[in-house]
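Source file: query-v8.pdb; contents: PDB, C-alpha atoms and all ligand atoms.
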ATOM      1  CA  MET W   1     -22.409  17.697 -10.903
ATOM      2  CA  THR W   2     -19.400  16.625  -8.789
ATOM      3  CA  GLN W   3     -17.527  13.626 -10.138
ATOM      4  CA  ALA W   4     -17.694  10.411  -8.161
ATOM      5  CA  TRP W   5     -14.628   8.687  -6.762
ATOM      6  CA  THR W   6     -14.514   5.006  -7.561
ATOM      7  CA  VAL W   7     -12.681   2.877  -5.010
ATOM      8  CA  VAL W   8     -11.521  -0.594  -6.068
ATOM      9  CA  GLY W   9     -12.219  -3.598  -3.830
ATOM     10  CA  GLN W  10     -13.338  -3.735  -0.222
ATOM     11  CA  GLY W  11      -9.994  -3.922   1.532
ATOM     12  CA  ALA W  12      -9.378  -2.163   4.829
ATOM     13  CA  ILE W  13      -7.419   0.839   3.492
ATOM     14  CA  GLY W  14      -9.820   1.293   0.565
ATOM     15  CA  LEU W  15     -12.832   1.306   2.870
ATOM     16  CA  LEU W  16     -11.115   3.754   5.232
ATOM     17  CA  ALA W  17     -10.568   6.145   2.310
ATOM     18  CA  ALA W  18     -14.049   5.539   0.855
ATOM     19  CA  SER W  19     -15.718   6.099   4.247
ATOM     20  CA  ARG W  20     -13.883   9.329   4.930
ATOM     21  CA  LEU W  21     -14.719  10.664   1.455
ATOM     22  CA  HIS W  22     -18.362   9.628   1.827
ATOM     23  CA  LEU W  23     -18.671  11.227   5.291
ATOM     24  CA  ALA W  24     -17.114  14.438   3.926
ATOM     25  CA  GLY W  25     -19.854  14.630   1.252
ATOM     26  CA  TYR W  26     -18.016  13.183  -1.755
ATOM     27  CA  GLN W  27     -19.844  10.830  -4.129
ATOM     28  CA  VAL W  28     -18.185   7.431  -3.728
ATOM     29  CA  GLN W  29     -18.824   4.155  -5.525
ATOM     30  CA  LEU W  30     -17.160   0.766  -5.182
ATOM     31  CA  PHE W  31     -15.774  -1.424  -7.946
ATOM     32  CA  ARG W  32     -15.855  -5.007  -6.724
ATOM     33  CA  ARG W  33     -16.638  -8.493  -7.981
ATOM     34  CA  THR W  34     -20.142  -8.652  -6.476
ATOM     35  CA  ALA W  35     -22.929  -6.544  -8.021
ATOM     36  CA  GLY W  36     -25.188  -4.236  -5.987
ATOM     37  CA  PRO W  37     -24.618  -1.865  -3.077
ATOM     38  CA  PHE W  38     -22.220  -2.649  -0.209
ATOM     39  CA  ARG W  39     -23.319  -1.931   3.370
ATOM     40  CA  TYR W  40     -20.884  -1.849   6.274
ATOM     41  CA  GLN W  41     -20.042  -0.251   9.623
ATOM     42  CA  PHE W  42     -17.156   2.210   9.850
ATOM     43  CA  GLU W  43     -15.640   2.965  13.248
ATOM     44  CA  GLN W  44     -13.357   5.952  13.686
ATOM     45  CA  ALA W  45     -12.469   7.978  16.816
ATOM     46  CA  ASP W  46     -15.174   6.120  18.812
ATOM     47  CA  ALA W  47     -17.929   7.063  16.360
ATOM     48  CA  LEU W  48     -19.776   4.309  14.505
ATOM     49  CA  HIS W  49     -21.200   5.036  11.031
ATOM     50  CA  SER W  50     -23.455   2.807   8.912
ATOM     51  CA  ILE W  51     -22.493   3.345   5.298
ATOM     52  CA  GLN W  52     -23.880   2.123   1.998
ATOM     53  CA  LEU W  53     -21.888   2.576  -1.206
ATOM     54  CA  ASN W  54     -23.249   1.887  -4.681
ATOM     55  CA  ALA W  55     -21.593  -0.252  -7.317
ATOM     56  CA  ALA W  56     -19.349   1.603  -9.772
ATOM     57  CA  GLN W  57     -20.819   2.934 -13.009
ATOM     58  CA  ALA W  58     -18.859   3.917 -16.107
ATOM     59  CA  PRO W  59     -17.417   6.255 -17.172
ATOM     60  CA  ILE W  60     -14.991   6.414 -14.254
ATOM     61  CA  SER W  61     -12.922   9.578 -14.054
ATOM     62  CA  LEU W  62     -11.518   9.492 -10.495
ATOM     63  CA  LEU W  63     -10.190   6.115  -9.438
ATOM     64  CA  LEU W  64      -8.499   4.961  -6.235
ATOM     65  CA  VAL W  65      -6.805   1.548  -6.518
ATOM     66  CA  PRO W  66      -5.954   0.519  -2.938
ATOM     67  CA  VAL W  67      -5.373  -3.147  -3.758
ATOM     68  CA  LYS W  68      -2.309  -5.271  -3.015
ATOM     69  CA  ALA W  69       0.619  -4.782  -5.389
ATOM     70  CA  TYR W  70       0.115  -8.184  -7.060
ATOM     71  CA  ALA W  71      -3.525  -7.321  -7.893
ATOM     72  CA  VAL W  72      -2.962  -3.855  -9.417
ATOM     73  CA  LEU W  73      -2.288  -4.948 -12.990
ATOM     74  CA  SER W  74      -5.295  -7.252 -13.348
ATOM     75  CA  ALA W  75      -7.599  -4.674 -11.662
ATOM     76  CA  LEU W  76      -6.409  -1.976 -14.055
ATOM     77  CA  GLN W  77      -6.813  -4.257 -17.094
ATOM     78  CA  GLN W  78     -10.471  -4.816 -16.142
ATOM     79  CA  LEU W  79     -11.035  -1.131 -15.465
ATOM     80  CA  LEU W  80      -9.323   0.413 -18.515
ATOM     81  CA  PRO W  81     -12.394   0.117 -20.813
ATOM     82  CA  LEU W  82     -14.513   1.880 -18.155
ATOM     83  CA  LEU W  83     -12.166   4.845 -17.647
ATOM     84  CA  SER W  84     -12.732   8.276 -19.191
ATOM     85  CA  PRO W  85      -9.931   9.453 -21.531
ATOM     86  CA  ASP W  86      -8.773  11.943 -18.869
ATOM     87  CA  ALA W  87      -9.257   9.681 -15.803
ATOM     88  CA  GLN W  88      -7.028  10.226 -12.765
ATOM     89  CA  ILE W  89      -5.814   7.026 -11.117
ATOM     90  CA  ALA W  90      -4.309   6.829  -7.629
ATOM     91  CA  LEU W  91      -2.439   3.676  -6.564
ATOM     92  CA  CYS W  92      -1.928   2.857  -2.878
ATOM     93  CA  HIS W  93      -0.150  -0.257  -1.616
ATOM     94  CA  ASN W  94       2.940  -1.643   0.119
ATOM     95  CA  GLY W  95       5.917  -2.628  -2.004
ATOM     96  CA  MET W  96       7.069  -1.437  -5.411
ATOM     97  CA  GLY W  97       6.914  -2.282  -9.092
ATOM     98  CA  SER W  98       3.314  -1.379 -10.013
ATOM     99  CA  ILE W  99       4.064   2.126 -11.346
ATOM    100  CA  GLU W 100       6.229   0.623 -14.096
ATOM    101  CA  GLN W 101       3.432  -1.835 -14.942
ATOM    102  CA  VAL W 102       0.634   0.745 -15.099
ATOM    103  CA  LEU W 103       2.270   3.706 -16.881
ATOM    104  CA  PRO W 104       2.454   2.054 -20.344
ATOM    105  CA  LEU W 105      -1.283   1.210 -20.183
ATOM    106  CA  LEU W 106      -2.481   4.799 -19.817
ATOM    107  CA  GLN W 107      -3.809   7.137 -22.493
ATOM    108  CA  PRO W 108      -2.045  10.499 -22.975
ATOM    109  CA  GLN W 109      -4.590  12.492 -20.921
ATOM    110  CA  GLN W 110      -4.907   9.964 -18.076
ATOM    111  CA  GLY W 111      -3.034  10.919 -14.888
ATOM    112  CA  LEU W 112      -1.273   8.640 -12.384
ATOM    113  CA  TRP W 113      -0.772   9.248  -8.655
ATOM    114  CA  PHE W 114       0.671   7.261  -5.783
ATOM    115  CA  VAL W 115      -0.382   7.376  -2.118
ATOM    116  CA  SER W 116       1.964   5.864   0.439
ATOM    117  CA  THR W 117       0.160   5.472   3.741
ATOM    118  CA  SER W 118       0.919   4.265   7.259
ATOM    119  CA  GLN W 119      -2.697   4.438   8.442
ATOM    120  CA  ALA W 120      -3.623   1.356  10.438
ATOM    121  CA  THR W 121      -6.955  -0.335   9.871
ATOM    122  CA  PHE W 122      -8.591  -3.497  11.064
ATOM    123  CA  LYS W 123     -11.513  -5.477   9.642
ATOM    124  CA  PRO W 124     -13.083  -7.554  12.438
ATOM    125  CA  THR W 125     -15.563  -8.924   9.839
ATOM    126  CA  ALA W 126     -16.143  -8.379   6.097
ATOM    127  CA  GLN W 127     -18.788  -5.731   6.925
ATOM    128  CA  GLN W 128     -16.855  -3.879   9.644
ATOM    129  CA  ILE W 129     -13.901  -1.572   9.319
ATOM    130  CA  ARG W 130     -12.087   0.082  12.184
ATOM    131  CA  HIS W 131      -9.521   2.868  11.929
ATOM    132  CA  SER W 132      -7.042   1.526  14.472
ATOM    133  CA  GLY W 133      -4.051   3.860  14.244
ATOM    134  CA  GLN W 134      -3.143   7.235  12.801
ATOM    135  CA  GLY W 135      -0.049   7.402  10.581
ATOM    136  CA  PRO W 136       1.332   9.805   7.980
ATOM    137  CA  SER W 137       0.471   9.534   4.284
ATOM    138  CA  TYR W 138       2.227  10.991   1.241
ATOM    139  CA  LEU W 139       0.868  11.773  -2.217
ATOM    140  CA  ALA W 140       2.882  12.255  -5.384
ATOM    141  CA  CYS W 141       1.899  12.840  -8.980
ATOM    142  CA  ILE W 142       3.589  10.231 -11.190
ATOM    143  CA  LYS W 143       2.069  11.345 -14.519
ATOM    144  CA  ALA W 144       0.641  14.851 -14.617
ATOM    145  CA  THR W 145      -2.226  16.016 -16.818
ATOM    146  CA  ALA W 146      -4.519  19.070 -16.491
ATOM    147  CA  PRO W 147      -3.878  21.292 -13.374
ATOM    148  CA  HIS W 148      -7.641  21.235 -12.649
ATOM    149  CA  TYR W 149      -7.350  17.491 -11.966
ATOM    150  CA  ALA W 150      -4.338  17.942  -9.718
ATOM    151  CA  ASP W 151      -6.451  20.124  -7.400
ATOM    152  CA  LEU W 152      -9.299  17.592  -7.409
ATOM    153  CA  VAL W 153      -7.020  14.668  -6.576
ATOM    154  CA  ARG W 154      -4.981  16.514  -3.933
ATOM    155  CA  SER W 155      -8.028  17.778  -2.025
ATOM    156  CA  ALA W 156      -9.834  14.412  -2.087
ATOM    157  CA  MET W 157      -6.743  12.403  -1.066
ATOM    158  CA  ALA W 158      -6.127  14.870   1.792
ATOM    159  CA  VAL W 159      -9.600  13.941   3.119
ATOM    160  CA  ALA W 160      -9.232  10.208   2.468
ATOM    161  CA  PHE W 161      -5.767   9.800   4.017
ATOM    162  CA  GLU W 162      -5.490  12.751   6.426
ATOM    163  CA  PRO W 163      -2.814  13.621   7.649
ATOM    164  CA  LEU W 164      -1.400  13.702   4.087
ATOM    165  CA  THR W 165       1.668  15.522   2.754
ATOM    166  CA  PRO W 166       2.089  16.119  -0.991
ATOM    167  CA  VAL W 167       5.643  15.355  -2.201
ATOM    168  CA  ASP W 168       7.347  15.892  -5.569
ATOM    169  CA  ASP W 169       9.233  12.595  -5.666
ATOM    170  CA  ILE W 170       7.700   9.490  -4.093
ATOM    171  CA  GLN W 171      10.705   7.217  -4.799
ATOM    172  CA  PRO W 172      12.764   8.011  -1.631
ATOM    173  CA  LEU W 173       9.634   7.435   0.493
ATOM    174  CA  LEU W 174       8.767   4.177  -1.261
ATOM    175  CA  TRP W 175      12.311   2.898  -0.756
ATOM    176  CA  ARG W 176      12.221   3.900   2.917
ATOM    177  CA  LYS W 177       8.916   2.054   3.368
ATOM    178  CA  LEU W 178      10.400  -0.894   1.477
ATOM    179  CA  ALA W 179      13.227  -1.033   4.050
ATOM    180  CA  VAL W 180      10.666  -1.330   6.863
ATOM    181  CA  ASN W 181       8.388  -3.748   5.000
ATOM    182  CA  SER W 182      11.242  -5.974   3.763
ATOM    183  CA  VAL W 183      12.301  -6.615   7.364
ATOM    184  CA  ILE W 184       9.058  -6.687   9.371
ATOM    185  CA  ASN W 185       6.626  -8.257   6.926
ATOM    186  CA  PRO W 186       8.478 -11.432   5.811
ATOM    187  CA  LEU W 187       9.921 -12.137   9.283
ATOM    188  CA  THR W 188       6.557 -11.796  11.066
ATOM    189  CA  ALA W 189       4.864 -13.835   8.318
ATOM    190  CA  LEU W 190       7.453 -16.622   8.463
ATOM    191  CA  HIS W 191       7.356 -16.901  12.261
ATOM    192  CA  GLN W 192       3.667 -15.938  12.632
ATOM    193  CA  VAL W 193       4.377 -13.419  15.381
ATOM    194  CA  PRO W 194       3.284  -9.847  16.174
ATOM    195  CA  ASN W 195       5.710  -7.065  15.133
ATOM    196  CA  GLY W 196       7.034  -6.578  18.698
ATOM    197  CA  GLU W 197       8.548 -10.101  18.750
ATOM    198  CA  LEU W 198      11.212  -8.830  16.325
ATOM    199  CA  ALA W 199      12.720  -6.737  19.152
ATOM    200  CA  LYS W 200      14.056  -9.972  20.702
ATOM    201  CA  PRO W 201      17.884 -10.410  20.591
ATOM    202  CA  GLU W 202      17.714 -13.569  18.446
ATOM    203  CA  PHE W 203      16.321 -11.566  15.477
ATOM    204  CA  GLN W 204      18.929  -8.770  15.565
ATOM    205  CA  PRO W 205      21.722 -10.361  13.440
ATOM    206  CA  GLN W 206      19.206 -11.230  10.685
ATOM    207  CA  ILE W 207      17.616  -7.760  10.802
ATOM    208  CA  SER W 208      21.063  -6.118  10.519
ATOM    209  CA  ALA W 209      21.993  -8.327   7.557
ATOM    210  CA  LEU W 210      18.674  -7.564   5.814
ATOM    211  CA  LEU W 211      19.264  -3.832   6.251
ATOM    212  CA  GLN W 212      22.892  -3.982   5.066
ATOM    213  CA  GLU W 213      21.778  -5.785   1.927
ATOM    214  CA  PHE W 214      18.884  -3.336   1.498
ATOM    215  CA  ILE W 215      21.344  -0.417   1.577
ATOM    216  CA  GLU W 216      23.534  -2.096  -1.062
ATOM    217  CA  VAL W 217      20.709  -2.499  -3.558
ATOM    218  CA  ALA W 218      19.159   0.897  -2.745
ATOM    219  CA  THR W 219      22.550   2.547  -3.363
ATOM    220  CA  ALA W 220      22.845   0.763  -6.727
ATOM    221  CA  CYS W 221      19.396   2.221  -7.577
ATOM    222  CA  GLY W 222      20.431   5.765  -6.646
ATOM    223  CA  GLN W 223      18.811   5.848  -3.173
ATOM    224  CA  LYS W 224      21.134   6.654  -0.279
ATOM    225  CA  PHE W 225      20.497   5.364   3.273
ATOM    226  CA  GLU W 226      22.672   5.379   6.398
ATOM    227  CA  PHE W 227      22.639   2.099   8.322
ATOM    228  CA  ASP W 228      22.183   3.673  11.782
ATOM    229  CA  GLU W 229      19.358   5.907  10.638
ATOM    230  CA  ILE W 230      17.365   3.223   8.770
ATOM    231  CA  SER W 231      17.990   0.718  11.557
ATOM    232  CA  THR W 232      16.641   3.194  14.131
ATOM    233  CA  GLN W 233      13.561   3.695  11.979
ATOM    234  CA  VAL W 234      12.891  -0.042  11.619
ATOM    235  CA  GLN W 235      13.363  -0.564  15.363
ATOM    236  CA  SER W 236      11.001   2.290  16.153
ATOM    237  CA  VAL W 237       8.280   0.825  13.865
ATOM    238  CA  ILE W 238       8.764  -2.539  15.628
ATOM    239  CA  HIS W 239       8.421  -0.793  18.990
ATOM    240  CA  ASN W 240       5.493   1.485  18.041
ATOM    241  CA  THR W 241       3.495  -1.328  16.407
ATOM    242  CA  ALA W 242       4.588  -4.059  18.853
ATOM    243  CA  ALA W 243       1.091  -5.443  19.407
ATOM    244  CA  ASN W 244       0.081  -5.277  15.700
ATOM    245  CA  TYR W 245       0.241  -8.105  13.232
ATOM    246  CA  SER W 246       1.814  -7.017   9.926
ATOM    247  CA  SER W 247      -0.229  -7.164   6.748
ATOM    248  CA  MET W 248       1.862 -10.105   5.471
ATOM    249  CA  GLN W 249       1.487 -12.021   8.736
ATOM    250  CA  GLN W 250      -2.303 -11.578   8.437
ATOM    251  CA  ASP W 251      -2.349 -12.559   4.752
ATOM    252  CA  LYS W 252      -0.411 -15.714   5.531
ATOM    253  CA  ALA W 253      -2.577 -16.566   8.553
ATOM    254  CA  HIS W 254      -5.694 -16.297   6.345
ATOM    255  CA  GLY W 255      -4.187 -18.259   3.439
ATOM    256  CA  ARG W 256      -4.237 -15.203   1.138
ATOM    257  CA  PRO W 257      -1.513 -14.471  -1.450
ATOM    258  CA  LEU W 258       1.508 -12.596  -0.030
ATOM    259  CA  GLU W 259       2.949  -9.275  -1.227
ATOM    260  CA  LEU W 260       6.351 -10.968  -1.266
ATOM    261  CA  ASP W 261       7.147 -10.273  -4.932
ATOM    262  CA  ALA W 262       6.512  -6.536  -4.512
ATOM    263  CA  ILE W 263       8.686  -6.377  -1.369
ATOM    264  CA  THR W 264      11.499  -8.966  -1.073
ATOM    265  CA  GLY W 265      11.049 -10.067  -4.702
ATOM    266  CA  TYR W 266      11.371  -6.459  -5.894
ATOM    267  CA  LEU W 267      14.664  -6.059  -4.001
ATOM    268  CA  LEU W 268      15.983  -9.344  -5.442
ATOM    269  CA  LYS W 269      15.008  -8.281  -8.971
ATOM    270  CA  ARG W 270      16.681  -4.874  -8.664
ATOM    271  CA  ALA W 271      19.754  -6.522  -7.101
ATOM    272  CA  LYS W 272      20.040  -9.026  -9.959
ATOM    273  CA  ALA W 273      19.864  -6.224 -12.534
ATOM    274  CA  ALA W 274      22.683  -4.451 -10.658
ATOM    275  CA  GLY W 275      24.817  -7.622 -10.433
ATOM    276  CA  LEU W 276      24.364  -7.951  -6.663
ATOM    277  CA  THR W 277      23.323 -10.892  -4.501
ATOM    278  CA  LEU W 278      21.246 -10.517  -1.333
ATOM    279  CA  PRO W 279      21.695 -13.863   0.490
ATOM    280  CA  THR W 280      19.638 -12.973   3.582
ATOM    281  CA  HIS W 281      16.665 -11.628   1.593
ATOM    282  CA  GLN W 282      16.974 -14.585  -0.816
ATOM    283  CA  ALA W 283      16.829 -17.096   2.056
ATOM    284  CA  LEU W 284      13.778 -15.377   3.565
ATOM    285  CA  TYR W 285      12.064 -15.307   0.165
ATOM    286  CA  GLN W 286      12.695 -19.025  -0.343
ATOM    287  CA  ALA W 287      11.598 -19.959   3.176
ATOM    288  CA  LEU W 288       8.261 -18.162   2.717
ATOM    289  CA  HIS W 289       7.773 -19.619  -0.746
ATOM    290  CA  GLN W 290       8.391 -23.122   0.552
ATOM    291  CA  GLN W 291       5.901 -22.637   3.393
ATOM    292  CA  SER W 292       3.179 -21.617   0.959
ATOM    293  CA  LEU W 293       3.676 -24.617  -1.368
TER     294      LEU W 293
HETATM  295  O1  LIG W 301       2.516  -3.852   6.210
HETATM  296  C1  LIG W 301       2.388  -3.545   7.406
HETATM  297  O2  LIG W 301       1.775  -4.243   8.201
HETATM  298  C2  LIG W 301       2.931  -2.206   7.855
HETATM  299  O3  LIG W 301       3.421  -1.511   6.725
HETATM  300  C3  LIG W 301       3.998  -2.260   8.951
HETATM  301  C4  LIG W 301       4.645  -0.904   9.063
HETATM  302  C5  LIG W 301       5.043  -3.306   8.664
HETATM  303  C6  LIG W 301       3.406  -2.461  10.320
HETATM  304  O4  LIG W 301       2.780  -3.643  10.551
END
What would the structure in this file look like if it were written as structure tokens?
Amino acid sequence: MTQAWTVVGQGAIGLLAASRLHLAGYQVQLFRRTAGPFRYQFEQADALHSIQLNAAQAPISLLLVPVKAYAVLSALQQLLPLLSPDAQIALCHNGMGSIEQVLPLLQPQQGLWFVSTSQATFKPTAQQIRHSGQGPSYLACIKATAPHYADLVRSAMAVAFEPLTPVDDIQPLLWRKLAVNSVINPLTALHQVPNGELAKPEFQPQISALLQEFIEVATACGQKFEFDEISTQVQSVIHNTAANYSSMQQDKAHGRPLELDAITGYLLKRAKAAGLTLPTHQALYQALHQQSL
């Protein structure tokens, strides 16, 4: 019998991955707060699919955790008793810090993976999910176990997040994504604007300062970035996603918790440990915190 993939929650990226696995013939079940099956519509490349996924049943041996960074630890704590001793767990979210939280919780034969994705998804309603933009995804093994499992995880994640590139070290990619997210997400959330607004001249001094400070802390953590290169990348994401609302803008607009601690907060924490101050990131962090009080 093929082993089922269990996907945590019913967020947009999780349902994209679950739908693609289901349509490719994988067994997929959902772990969520509500009991019973979940029915929804999945729209991709102009095709509309009606999908029903059953509630997760233990033991769980293949687990995808595509929840926000701040929710990873509590999700994993609930799931640990349901996991098989050799379960493979794949995390997938913006921001950093969860790998360090999860690794100490795992048993010796349990494997850990990380998927970094730029796929764009949109949920018009709770029961509808639309794949709205293709973007690259990367998969890295954080804690390796049996080679048999590596093949299982790599082939399934290639289906779920296609186009996906396996990489040996996810850290440089996570830092690069952090550069983009630590500029676009807090600024669009604070000003409640689409990403393209950040191309306006009035934002440029702040964006440059955020990137300079990012490079300082990244360098202290052993990650090298050139200002011109990372600035070009941030500007091209702003340009290519001009009409999109960032995930943090949407979270704020809907009164949901923000991924601020895994993005700006993570940079501030790493800076403090390295004896650095990041005044522009600090001010943005405080401004967003004050707004949500
Ligand atoms: O979090 C997001 O919304 C995205 O990572 C990005 C690249 C900032 C585009 O909106």
Cut-off 7 Å around (-10.6, 0.8, 13.4) with only C-alpha atoms: residues as a VMD selection string: chain W and resid 43 to 44 121 to 122 129 to 132
Output as JSON lines one row per residue of chain W within 8 Å of ligand LIG 301 (chain W): the closest atom pair and its distance in Å to one decimal place, counting only C-alpha atoms and all ligand atoms, sorted by chain and residue number ascending.
{"residue": "W:Asn94", "atom": "CA", "partner": "W:LIG301", "partner_atom": "O1", "distance": 6.5}
{"residue": "W:Ser118", "atom": "CA", "partner": "W:LIG301", "partner_atom": "O3", "distance": 6.3}
{"residue": "W:Ala120", "atom": "CA", "partner": "W:LIG301", "partner_atom": "C2", "distance": 7.9}
{"residue": "W:Lys177", "atom": "CA", "partner": "W:LIG301", "partner_atom": "O3", "distance": 7.4}
{"residue": "W:Val180", "atom": "CA", "partner": "W:LIG301", "partner_atom": "C5", "distance": 6.2}
{"residue": "W:Asn181", "atom": "CA", "partner": "W:LIG301", "partner_atom": "C5", "distance": 5.0}
{"residue": "W:Ile184", "atom": "CA", "partner": "W:LIG301", "partner_atom": "C5", "distance": 5.3}
{"residue": "W:Asn185", "atom": "CA", "partner": "W:LIG301", "partner_atom": "C5", "distance": 5.5}
{"residue": "W:Asn195", "atom": "CA", "partner": "W:LIG301", "partner_atom": "O4", "distance": 6.4}
{"residue": "W:Val237", "atom": "CA", "partner": "W:LIG301", "partner_atom": "C4", "distance": 6.3}
{"residue": "W:Ile238", "atom": "CA", "partner": "W:LIG301", "partner_atom": "C6", "distance": 7.5}
{"residue": "W:Thr241", "atom": "CA", "partner": "W:LIG301", "partner_atom": "C6", "distance": 6.2}
{"residue": "W:Asn244", "atom": "CA", "partner": "W:LIG301", "partner_atom": "O4", "distance": 6.0}
{"residue": "W:Tyr245", "atom": "CA", "partner": "W:LIG301", "partner_atom": "O4", "distance": 5.8}
{"residue": "W:Ser246", "atom": "CA", "partner": "W:LIG301", "partner_atom": "O2", "distance": 3.3}
{"residue": "W:Ser247", "atom": "CA", "partner": "W:LIG301", "partner_atom": "O2", "distance": 3.8}
{"residue": "W:Met248", "atom": "CA", "partner": "W:LIG301", "partner_atom": "O1", "distance": 6.3}
{"residue": "W:Gln249", "atom": "CA", "partner": "W:LIG301", "partner_atom": "O2", "distance": 7.8}
Counting only C-alpha atoms, the residue of W:Ser84, W:Thr277, W:Ser98, W:Thr232 that sits nearest W:Tyr70: W:Ser98
Ref. answer, residues at most 9 Å from (-11.5, 4.0, -18.3) with only C-alpha atoms, as a list in words: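 Counting only C-alpha atoms, I find these residues within 9 Å of (-11.5, 4.0, -18.3): Ala58, Pro59, Ile60, Ser61, Leu76, Leu79, Leu80, Pro81, Leu82, Leu83, Ser84, Pro85, Asp86, Ala87 and Gln110 of chain W.
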Output of the PyMOL selection byres (((chain W and resi 6-17) around 6) and not hetatm), listed as a ChimeraX atom specification: /W:5,18-20,28-32,63-66,121,160
Pick from W:Arg176, W:Lys143, W:His281, W:His254, whichever lies nearest to W:Gln107 using all atoms listed in the file: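 Checking each of W:Arg176, W:Lys143, W:His281, W:His254 against W:Gln107, counting all atoms listed in the file, the winner is W:Lys143.
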Output of the PyMOL selection byres (((chain W and resi 166) around 12) and not hetatm), listed as a VMD selection string: chain W and resid 113 to 117 136 to 142 150 to 151 153 to 155 157 to 158 161 to 165 167 to 170 173
Resolved residues for the PyMOL selection byres (((chain W and resi 196-207) around 6) and not hetatm) as a count of residues only: 8
Which residue of W:Leu211, W:Ala220, W:Leu190, W:Pro257 approaches W:Ala287 most closely, using all atoms listed in the file: W:Leu190
Which of W:Ala56, W:Gln88, W:Val183, W:Gln109 sits closest to W:Thr280 [using all atoms listed in the file]: W:Val183
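Atom CA of W:Trp175 sits 13.6 Å away from atom CA of W:Leu268.
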Close residues, W:Gln128 itself excluded, 6 Å, all atoms listed in the file, min 3 positions apart in chain, as a count of residues only: 5
Minimum-distance residue to W:Lys68, chosen among W:Arg256, W:Lys269, W:His148, W:Arg39 (using only C-alpha atoms):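 The answer is W:Arg256, which sits nearest to W:Lys68.
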Two-atom distance - atom CA of W:Thr188, atom CA of W:Leu288 (Å):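 Atom CA of W:Thr188 sits 10.6 Å away from atom CA of W:Leu288.
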Coordinates-based distance that separates atom CA of W:Leu53 from atom CA of W:Pro37 (Å, one decimal):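 Here the two named atoms are 5.5 Å from each other.
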Could you give me, as a compact mmCIF listing (two decimals) with C-alpha atoms, in the coordinates of the input, the residues within 8 Å of W:Tyr26, counting all atoms listed in the file and dropping anything in the same chain fewer than 2 positions from it?
# COMPACT_ATOMS: atom_id res chain seq x y z
CA THR W 2 -19.40 16.62 -8.79
CA ALA W 4 -17.69 10.41 -8.16
CA TRP W 5 -14.63 8.69 -6.76
CA LEU W 21 -14.72 10.66 1.46
CA HIS W 22 -18.36 9.63 1.83
CA LEU W 23 -18.67 11.23 5.29
CA ALA W 24 -17.11 14.44 3.93
CA VAL W 28 -18.18 7.43 -3.73
